[in-house]
Amino acid sequence: MTIEFTITQMQRLKELGVSIEDNRTFLTVEERELEFSKMASHYHSQGREAIRNMLDEPERHPLAQLEDTLAQALVKKNFIEVKTPTIIARNTLEKMGIGQDHPLYEQVFWVDKKRCLRPMLAPNLYFLMRHLKRNINGPLRLFEIGTCYRRESRGSNHLEDFTMLNLVELGPENDPTDQLHSHISTVMGAVDLDYKLKTCQSEVYVHTTDVEVNGIEVASAAVGPHILDDAHGIKDPWAGVGFGLERLLMIKNDADNIKRVGRSLIYLRGVRLDI
Ligand code: ATP
Ligand code: MG
């Protein structure tokens, strides 16, 4: 009979941030118990030290730091930053084609019959594009970084409240696809991650280009003219992309679960607080 860590022990070690080889075996139960308490106590003190260091040398939260890095990179490229409401009207979702039959509809958190927490930034950006465009002749570059909400039941890459960066250029001087690639490269350069582009089907945009790092989607992008443009009074071509900031952080920090890097009462900077 092979003796392995129990499920509870594996769980505890995982919580403490230990990555354990799957085939770790022991000759006796006593040997296993001894190894478990040695490891648990080691990672326990490591966690406590990490918390003490945070208290000694306060810095901004990694999510806030990433937000700042990305916002600065985009402002340098002449993007205007906007901050829009997180509570949006039902009809703005309908304009995005998200009605009761749409898969994303099931994931929406409703505040009341007519309002919900935004599952994406695009509806508000569409609205602003239309109004700001009237004031300028050349290309219009906009971006927002903010929380989005989706009911999720899926595992380690999904949060119910996560941070999206959505940028868009309306009426670019060059080919929208070239511009899209250039803006994706600005963002991925600012976070210093290598990536691949992949063409996909989307429930909202029909065709999207996904940005992937190690096979994990970190962003979805699209170009217009697009079928949704009419409903928003948009006539010019555009290039837009939405990145998940926690996905980027998770990959950057080599974290095994997005919960370690997102808004949390359990983790701070990847360190478990209930230790
Ligand atoms: P996925 O297929 O991974 O669930 P999606 O295609 O539904 O994502 P999009 O609507 O394309 O997501 O949103 C743009 C980006 O926002 C995604 O590429 C991802 O980085 C991030 N994102 C989307 N949903 C979540 C979530 N629940 N938690 C964390 N990040 C998310
Ligand atoms: Mg996507």
# chains A, B, ... in the order shown; residues from 1 in each chain; ligands from 1
$ residues_around --residues "Ala122 of chain A" --least-positions-apart "5" --cutoff "12 Å" --atoms "only C-alpha atoms" --output "MDAnalysis selection string"
chainID A and resid 84:86 88 92:93 95:97 127:129 142:146 148 164:168 204:205 220:222 228:229 232 240:243
$ select_by_dssp --residues "segment 84-269 of chain A" --states "strand (DSSP E or B)" --output "MDAnalysis selection string"
chainID A and resid 87:89 110 115:117 140:149 161:170 196:202 206:213 216:224 238:244 267:268
$ residues_near_ligand --ligand "ligand 1" --cutoff "7 Å" --atoms "only C-alpha atoms and all ligand atoms" --output "PyMOL selection string"
chain A and resi 120+150+152+157-164+217-220+242-247
$ write_last_selection --atoms "N, CA, C and O atoms" --output "mmCIF file, in the first residue's frame"
data_model
loop_
_atom_site.group_PDB
_atom_site.id
_atom_site.type_symbol
_atom_site.label_atom_id
_atom_site.label_comp_id
_atom_site.auth_asym_id
_atom_site.auth_seq_id
_atom_site.Cartn_x
_atom_site.Cartn_y
_atom_site.Cartn_z
ATOM 1 N N MET A 120 -19.128 43.884 -18.400
ATOM 2 C CA MET A 120 -18.085 44.296 -19.363
ATOM 3 C C MET A 120 -18.082 45.825 -19.434
ATOM 4 O O MET A 120 -19.022 46.475 -18.983
ATOM 5 N N ARG A 150 -19.399 39.041 -13.061
ATOM 6 C CA ARG A 150 -20.065 37.928 -13.760
ATOM 7 C C ARG A 150 -20.245 36.778 -12.783
ATOM 8 O O ARG A 150 -19.303 36.459 -12.043
ATOM 9 N N GLU A 152 -19.904 33.246 -11.906
ATOM 10 C CA GLU A 152 -18.996 32.238 -12.460
ATOM 11 C C GLU A 152 -19.027 31.009 -11.576
ATOM 12 O O GLU A 152 -19.065 31.121 -10.355
ATOM 13 N N ASN A 157 -9.384 30.175 -13.019
ATOM 14 C CA ASN A 157 -9.092 31.363 -13.840
ATOM 15 C C ASN A 157 -10.218 32.393 -13.810
ATOM 16 O O ASN A 157 -10.174 33.377 -14.550
ATOM 17 N N HIS A 158 -11.235 32.157 -12.990
ATOM 18 C CA HIS A 158 -12.405 33.047 -12.994
ATOM 19 C C HIS A 158 -12.723 33.598 -11.606
ATOM 20 O O HIS A 158 -12.721 32.858 -10.637
ATOM 21 N N LEU A 159 -13.024 34.893 -11.578
ATOM 22 C CA LEU A 159 -13.505 35.551 -10.361
ATOM 23 C C LEU A 159 -14.888 36.100 -10.663
ATOM 24 O O LEU A 159 -15.215 36.324 -11.826
ATOM 25 N N GLU A 160 -15.672 36.360 -9.608
ATOM 26 C CA GLU A 160 -16.985 36.981 -9.867
ATOM 27 C C GLU A 160 -16.862 38.498 -9.960
ATOM 28 O O GLU A 160 -17.653 39.136 -10.626
ATOM 29 N N ASP A 161 -15.878 39.068 -9.275
ATOM 30 C CA ASP A 161 -15.580 40.479 -9.568
ATOM 31 C C ASP A 161 -14.120 40.581 -9.955
ATOM 32 O O ASP A 161 -13.232 40.175 -9.223
ATOM 33 N N PHE A 162 -13.895 41.054 -11.150
ATOM 34 C CA PHE A 162 -12.543 41.114 -11.702
ATOM 35 C C PHE A 162 -12.338 42.469 -12.373
ATOM 36 O O PHE A 162 -13.293 43.238 -12.542
ATOM 37 N N THR A 163 -11.092 42.755 -12.713
ATOM 38 C CA THR A 163 -10.772 44.077 -13.245
ATOM 39 C C THR A 163 -10.460 43.970 -14.721
ATOM 40 O O THR A 163 -9.602 43.193 -15.120
ATOM 41 N N MET A 164 -11.162 44.741 -15.491
ATOM 42 C CA MET A 164 -10.948 44.718 -16.938
ATOM 43 C C MET A 164 -10.278 46.032 -17.364
ATOM 44 O O MET A 164 -10.579 47.100 -16.826
ATOM 45 N N GLU A 217 -6.216 32.529 -21.839
ATOM 46 C CA GLU A 217 -6.705 33.774 -22.447
ATOM 47 C C GLU A 217 -6.518 34.928 -21.463
ATOM 48 O O GLU A 217 -7.003 34.851 -20.335
ATOM 49 N N VAL A 218 -5.839 35.977 -21.910
ATOM 50 C CA VAL A 218 -5.723 37.166 -21.052
ATOM 51 C C VAL A 218 -6.522 38.335 -21.621
ATOM 52 O O VAL A 218 -6.783 39.308 -20.926
ATOM 53 N N ALA A 219 -6.918 38.245 -22.904
ATOM 54 C CA ALA A 219 -7.687 39.334 -23.510
ATOM 55 C C ALA A 219 -8.425 38.834 -24.737
ATOM 56 O O ALA A 219 -8.017 37.848 -25.359
ATOM 57 N N SER A 220 -9.518 39.518 -25.070
ATOM 58 C CA SER A 220 -10.226 39.289 -26.327
ATOM 59 C C SER A 220 -10.337 40.609 -27.060
ATOM 60 O O SER A 220 -10.645 41.641 -26.444
ATOM 61 N N GLY A 242 -10.170 43.948 -24.643
ATOM 62 C CA GLY A 242 -10.407 43.930 -23.194
ATOM 63 C C GLY A 242 -9.499 42.910 -22.520
ATOM 64 O O GLY A 242 -9.518 41.729 -22.858
ATOM 65 N N PHE A 243 -8.686 43.385 -21.577
ATOM 66 C CA PHE A 243 -7.750 42.514 -20.843
ATOM 67 C C PHE A 243 -8.269 42.263 -19.429
ATOM 68 O O PHE A 243 -8.853 43.152 -18.806
ATOM 69 N N GLY A 244 -8.009 41.065 -18.899
ATOM 70 C CA GLY A 244 -8.302 40.781 -17.490
ATOM 71 C C GLY A 244 -7.041 41.022 -16.676
ATOM 72 O O GLY A 244 -6.035 40.345 -16.876
ATOM 73 N N LEU A 245 -7.091 42.002 -15.760
ATOM 74 C CA LEU A 245 -5.867 42.347 -15.013
ATOM 75 C C LEU A 245 -5.428 41.241 -14.051
ATOM 76 O O LEU A 245 -4.237 40.998 -13.879
ATOM 77 N N GLU A 246 -6.417 40.560 -13.435
ATOM 78 C CA GLU A 246 -6.030 39.484 -12.504
ATOM 79 C C GLU A 246 -5.402 38.319 -13.251
ATOM 80 O O GLU A 246 -4.514 37.656 -12.720
ATOM 81 N N ARG A 247 -5.869 38.085 -14.495
ATOM 82 C CA ARG A 247 -5.232 37.007 -15.288
ATOM 83 C C ARG A 247 -3.763 37.356 -15.528
ATOM 84 O O ARG A 247 -2.881 36.500 -15.451
#
$ select_by_dssp --residues "segment 7-92 of chain A" --states "alpha helix (DSSP H)" --output "number ranges by chain"
A: 7-15, 29-56, 62-76, 90-92
$ atom_distance --atom1 "atom CA of Ala50 of chain A" --atom2 "atom CA of Phe36 of chain A"
20.9 Å
$ closest_residue --among "A:Leu27, A:Ala239, A:Leu16, A:Val187" --to "Lys77 of chain A" --atoms "only C-alpha atoms"
A:Val187
$ atom_distance --atom1 "atom CA of Arg115 of chain A" --atom2 "atom CA of His102 of chain A"
17.0 Å
$ closest_residue --among "A:Leu66, A:Thr199, A:Thr25, A:Arg134" --to "Leu248 of chain A" --atoms "only C-alpha atoms"
A:Leu66
$ closest_residue --among "A:Ser202, A:Gln65, A:Ser41, A:Asn53" --to "Val271 of chain A" --atoms "only C-alpha atoms"
A:Asn53
$ residues_around --residues "Thr2 of chain A" --least-positions-apart "5" --cutoff "10 Å" --atoms "only C-alpha atoms" --output "number ranges by chain"
A: 23-29
$ atom_distance --atom1 "atom CA of Ile216 of chain A" --atom2 "atom CA of Arg272 of chain A"
24.1 Å
$ closest_residue --among "A:Asp274, A:Asp254, A:Glu212, A:Glu30" --to "ligand 2" --atoms "only C-alpha atoms and all ligand atoms"
A:Glu212
$ closest_residue --among "A:Asp236, A:Glu15, A:Glu4, A:Glu67" --to "Asp256 of chain A" --atoms "only C-alpha atoms"
A:Glu15
$ residues_around --residues "Gln11 of chain A" --least-positions-apart "6" --cutoff "12 Å" --atoms "only C-alpha atoms" --output "VMD selection string"
chain A and resid 5 17 to 20 36 40
$ residues_around --residues "Gly155 of chain A" --least-positions-apart "6" --cutoff "10 Å" --atoms "only C-alpha atoms" --output "ChimeraX atom specification"
/A:257-259
$ residues_around --residues "Ala89 of chain A" --least-positions-apart "6" --cutoff "9 Å" --atoms "only C-alpha atoms" --output "list in words"
Lys114, Arg115, Cys116, Leu117 and Arg118 of chain A
$ write_last_selection --atoms "N, CA, C and O atoms" --output "tab-separated table (two decimals), in the first residue's frame"
chain	number	residue	atom	x	y	z
A	114	LYS	N	-34.35	46.88	-13.90
A	114	LYS	CA	-33.82	47.66	-15.02
A	114	LYS	C	-32.32	47.88	-14.99
A	114	LYS	O	-31.76	48.46	-15.92
A	115	ARG	N	-31.66	47.46	-13.89
A	115	ARG	CA	-30.23	47.77	-13.78
A	115	ARG	C	-29.42	46.57	-13.30
A	115	ARG	O	-29.93	45.74	-12.54
A	116	CYS	N	-28.19	46.52	-13.76
A	116	CYS	CA	-27.31	45.41	-13.35
A	116	CYS	C	-25.90	45.92	-13.10
A	116	CYS	O	-25.58	47.06	-13.43
A	117	LEU	N	-25.07	45.06	-12.49
A	117	LEU	CA	-23.64	45.36	-12.37
A	117	LEU	C	-23.00	45.02	-13.70
A	117	LEU	O	-23.29	43.95	-14.27
A	118	ARG	N	-22.18	45.88	-14.22
A	118	ARG	CA	-21.68	45.67	-15.59
A	118	ARG	C	-20.84	44.39	-15.69
A	118	ARG	O	-19.93	44.17	-14.89
$ closest_residue --among "A:Arg12, A:Lys196, A:His207, A:His44" --to "ligand 2" --atoms "only C-alpha atoms and all ligand atoms"
A:His207
